[in-house]
Amino acid sequence: MSHDGVRLRAVMRSVAFLTAGALAVTTLAACSSEDESGKPLAGQDIAPAGRDLVADGGTLNWAVDDVPETLNTFQSDADDTTTRVAQAVLPAMFRLDAQGRPQRDADFLESAKVVDTEPKQVVLYKLDQQAVWSDGREIGAADFAAQWRALSGKDSAYWTARNAGYDRIEKIERGANNLEVKVTFSRPYADWKALFSPLYPKDVMGTPDAFNDGARRKLKVTAGAFGLQKVDRKDKEIVLARNPHWWGRPAKLSEIVLHAVPLDKRAAALADGTVDLAEIDPADASRIALAGRAKGTNTPLQGASSSSTAKDESKNESRQKKKLGKKERKALAKFLRQQDELRAFIVRRSLEPAYTQLALNGSEGPLRDERVRRAVARALDRTELAKVVLKPLGLPAVPVGSHLALSGQAAYADNSGALGDHDTSEAQALLADAGWVPGGPLKDKGEKAAGSEGKKSDDEAESEGGSDGQYIVGEDNKDPQDHTKKHGHGDESSRHLADGKQYDGRKVKQGGAPGAYAPKGTAAPAGAKNGPLAKDGKPLTLRFVLPSGTGSESLGAVADSISRMLEKVGIRTEITKVSDDSYFKDHIASGQYDLALYSWPASAYPATDARPIFAKPVPAADGSLNVEQNYTRVGTDQVDQLFDQAASTLDQDESAALVRKADARIWAAAGSIPLYQRPQLTAARRTIVNAGSFGFQTPVYEDMGFLKKGAHPSASPTKD
């Protein structure tokens, strides 16, 4: 869930980016000083406790966004709840550790390694001899082969969302015995650990009908610490029950019940006991923190000083209540009752394995010119933007330096230097080089200005409340309705310098890529601070599209800060808010925007998972443009080649180095500007341990539970 805009679930459904590496969830341990990946920005916050301190039994009620449309993670409408269920009830060969790196799951896998590279890459899996499905059948080669055939992309009868990696498998065979699975690849594949996590039984993967429909509403056969007991769409809950045949460490909880609770209803659900654990937004986090401080002190209503007597406080409360109407008094009483119940909860804070970016649509309009895109990027103070969201939450406000990994992950390195640091003067010089000058003559209002074209949707025209709708930053004393939009074509001479080409006369400063700086001698125009920029009679105005739903307040604050920063270099922004349902489908995916804010998850396998996000768009057979998941429409051949090389290089260090090179090129192309790692706020009952804000790590479901009476959380969990 996002606390700064459209929920990650919406992104996932839109792009089917549902790998085990992308969505697994806690945080990171320290790395060596020589490791470019650095240290995690924040540790996980899950109240770790040894299993001997966790009570046996109990039901954990956990809030989720919705009951998923499918329980098959490989379908396009799978969401994060689909993944949560799969993690608890299905095998995974590899799960993510606290640094977001894949580790063998010893409950299913004794070993897995590359045993041959010539003439073909061969991986040998040795399964745990106790690993069986819930129907008693051994987990084995037949399940691996069925999943490969379903996901290979060779049979269009299977409605799959992705086949990355599976399309490189040539054959799957039984090894020396039933516990060995031998996988031969037709082409080398660096991210082979991403495969078969989760692993579905052959009953699900064996036929198109079973794959397409059979696993949407139920999973008859499972293998995990928990089993799927019930999916109740009427009451909007999923019940996971302890698996009595589980061969690993037995689950401490008897049940985990996933309740579908909207974000804006979660504080009430926590207070009335419906849920014990829920990701929440910053407003509810403040409520819970206030409730914890209010015990034995002032309530929000009283507002009395710490020296007031109880009698004075009571009189003050009575006076304030008398000023309220009946409806207001009733609402206030309900609020105070909830506050009293919320004292039983604590907010656990970390950072999600996802980052928020500013997307720049480079397909049309002024942003087609990469000099303008780079100017936008150089105008941004990313540290200040990170502070807008993270500082009030007590989380480290450090800007993200990579498109492909987060701090602590193997592929992470801060490559933002390829584009250059925040520099207003350099941004103005880049704009001047692109022909945008201040105070230029403007065409009549009846003529269209530079920017995105297209009719306003009903969502835009009828946005509700607050700052929803449209307003233009940098255009004083003008009616926003007089401002029209158009997709221009920018400078036809613009070229993708990320491919190594260079504008005439351009120089490269240390740490920057070709084109990141204006040509030598190009100065910021003296009048840049006197007004907006124009070119060919058109003002430089960019259409900034944002979601308007619950949880988007932080995005709005970030957008306002970005708009003010751009105004300083003469770029105006027209901010339009649309509904969450419309945001991706009608605007981002269709290219109806100039600027937008949305998030991507970090993956343990960026060479595979991130490639479609940054792949160069190519014309399709029908004449349309195939953008895959690259909604900025900015890509280069060199980036594609680096991804391909990284995915085909079995040396992990070399593969990570190639991913970092690709990231530097993505920075230079300036289609996407990473801003900050997203906050993860979880309300947890104070007695819950080994659960909360997980960060990168895949949750260990069997260790979750409630503290025994008199016990206290330990510094780190232990295993029995």
# chains A, B, ... in the order shown; residues from 1 in each chain; ligands from 1
>>> residues_around(residues="Ile238 in chain A", least_positions_apart="5", cutoff="8 Å", atoms="only C-alpha atoms", output="short mmCIF file (atom, residue, chain, number, x, y, z; two decimals) with N, CA, C and O atoms, in the first residue's frame")
data_model
loop_
_atom_site.label_atom_id
_atom_site.label_comp_id
_atom_site.auth_asym_id
_atom_site.auth_seq_id
_atom_site.Cartn_x
_atom_site.Cartn_y
_atom_site.Cartn_z
N VAL A 67 -10.07 -8.57 -1.05
CA VAL A 67 -10.01 -9.99 -1.37
C VAL A 67 -9.63 -10.08 -2.84
O VAL A 67 -10.32 -9.51 -3.70
N LEU A 228 -4.84 -22.80 3.00
CA LEU A 228 -5.96 -21.92 2.69
C LEU A 228 -7.25 -22.61 3.12
O LEU A 228 -7.69 -23.58 2.51
N GLN A 229 -7.86 -22.10 4.19
CA GLN A 229 -9.07 -22.72 4.72
C GLN A 229 -10.33 -22.19 4.07
O GLN A 229 -11.25 -22.94 3.75
N LYS A 230 -10.38 -20.86 3.84
CA LYS A 230 -11.62 -20.28 3.32
C LYS A 230 -11.35 -18.94 2.65
O LYS A 230 -10.53 -18.15 3.11
N VAL A 231 -12.06 -18.70 1.54
CA VAL A 231 -12.11 -17.38 0.91
C VAL A 231 -13.56 -16.95 0.94
O VAL A 231 -14.40 -17.52 0.24
N ASP A 232 -13.87 -15.96 1.76
CA ASP A 232 -15.25 -15.50 1.95
C ASP A 232 -15.40 -14.13 1.30
O ASP A 232 -15.01 -13.12 1.86
N VAL A 257 -6.26 -14.34 9.69
CA VAL A 257 -7.44 -13.94 8.93
C VAL A 257 -7.15 -12.60 8.26
O VAL A 257 -6.85 -11.61 8.94
N LEU A 258 -7.20 -12.59 6.94
CA LEU A 258 -6.96 -11.38 6.16
C LEU A 258 -8.30 -10.70 5.91
O LEU A 258 -9.18 -11.27 5.25
N HIS A 259 -8.46 -9.50 6.44
CA HIS A 259 -9.71 -8.74 6.31
C HIS A 259 -9.52 -7.62 5.30
O HIS A 259 -8.57 -6.84 5.41
#
>>> residues_around(residues="Leu342 in chain A", least_positions_apart="5", cutoff="7 Å", atoms="only C-alpha atoms", output="PDB file with C-alpha atoms, in the first residue's frame")
ATOM      1  CA  LEU A 270      -8.278  -1.293  14.874  1.00  0.00           C
ATOM      2  CA  ALA A 271     -10.285   0.431  17.593  1.00  0.00           C
ATOM      3  CA  ILE A 288      -2.228   6.196  17.402  1.00  0.00           C
ATOM      4  CA  ALA A 291      -3.497   7.957  21.883  1.00  0.00           C
TER       5      ALA A 291
END
>>> residues_around(residues="Pro396 in chain A", least_positions_apart="4", cutoff="10 Å", atoms="only C-alpha atoms", output="ChimeraX atom specification")
/A:41-42,350-351,386-387,390-392,676-677,679
>>> write_last_selection(atoms="N, CA, C and O atoms", output="short mmCIF file (atom, residue, chain, number, x, y, z; two decimals), in the first residue's frame")
data_model
loop_
_atom_site.label_atom_id
_atom_site.label_comp_id
_atom_site.auth_asym_id
_atom_site.auth_seq_id
_atom_site.Cartn_x
_atom_site.Cartn_y
_atom_site.Cartn_z
N LEU A 41 18.63 2.15 4.48
CA LEU A 41 18.29 3.46 5.03
C LEU A 41 17.52 3.34 6.34
O LEU A 41 17.58 4.24 7.17
N ALA A 42 16.79 2.25 6.51
CA ALA A 42 16.03 2.04 7.75
C ALA A 42 15.90 0.55 8.00
O ALA A 42 15.76 -0.24 7.06
N SER A 350 9.08 1.72 8.95
CA SER A 350 10.25 1.37 8.15
C SER A 350 10.06 1.99 6.77
O SER A 350 9.24 2.90 6.61
N LEU A 351 10.82 1.52 5.82
CA LEU A 351 10.70 1.96 4.44
C LEU A 351 10.30 0.78 3.57
O LEU A 351 10.83 -0.32 3.72
N ALA A 386 12.41 14.60 -0.54
CA ALA A 386 12.35 13.46 0.37
C ALA A 386 11.94 13.90 1.77
O ALA A 386 11.18 13.21 2.46
N LYS A 387 12.40 15.07 2.17
CA LYS A 387 12.05 15.57 3.51
C LYS A 387 10.55 15.84 3.64
O LYS A 387 9.98 15.68 4.72
N LEU A 390 9.23 12.13 4.32
CA LEU A 390 9.85 11.24 5.31
C LEU A 390 10.22 11.91 6.63
O LEU A 390 10.15 11.27 7.68
N LYS A 391 10.60 13.17 6.59
CA LYS A 391 11.04 13.83 7.83
C LYS A 391 9.94 13.87 8.89
O LYS A 391 10.20 13.58 10.06
N PRO A 392 8.68 14.21 8.54
CA PRO A 392 7.64 14.23 9.58
C PRO A 392 7.38 12.86 10.20
O PRO A 392 6.82 12.78 11.30
N TYR A 676 12.34 9.27 -3.56
CA TYR A 676 12.53 8.79 -2.19
C TYR A 676 11.94 7.40 -2.04
O TYR A 676 11.04 7.00 -2.78
N GLN A 677 12.48 6.64 -1.10
CA GLN A 677 11.92 5.34 -0.76
C GLN A 677 10.65 5.57 0.04
O GLN A 677 10.59 6.44 0.91
N PRO A 679 7.53 5.37 2.63
CA PRO A 679 7.39 4.98 4.03
C PRO A 679 6.49 3.77 4.19
O PRO A 679 5.59 3.54 3.39
#
>>> atom_distance(atom1="CA of Pro201 in chain A", atom2="CA of Leu179 in chain A")
15.3 Å
>>> atom_distance(atom1="CA of Glu180 in chain A", atom2="CA of Leu195 in chain A")
15.9 Å
>>> closest_residue(among="A:Val569, A:Gln645, A:Ser561, A:Tyr189", to="Ala534 in chain A", atoms="only C-alpha atoms")
A:Val569
>>> atom_distance(atom1="CA of Val372 in chain A", atom2="CA of Tyr598 in chain A")
20.5 Å
>>> select_by_dssp(residues="range 344-392 of chain A", states="strand (DSSP E or B)", output="VMD selection string")
chain A and resid 345 to 360
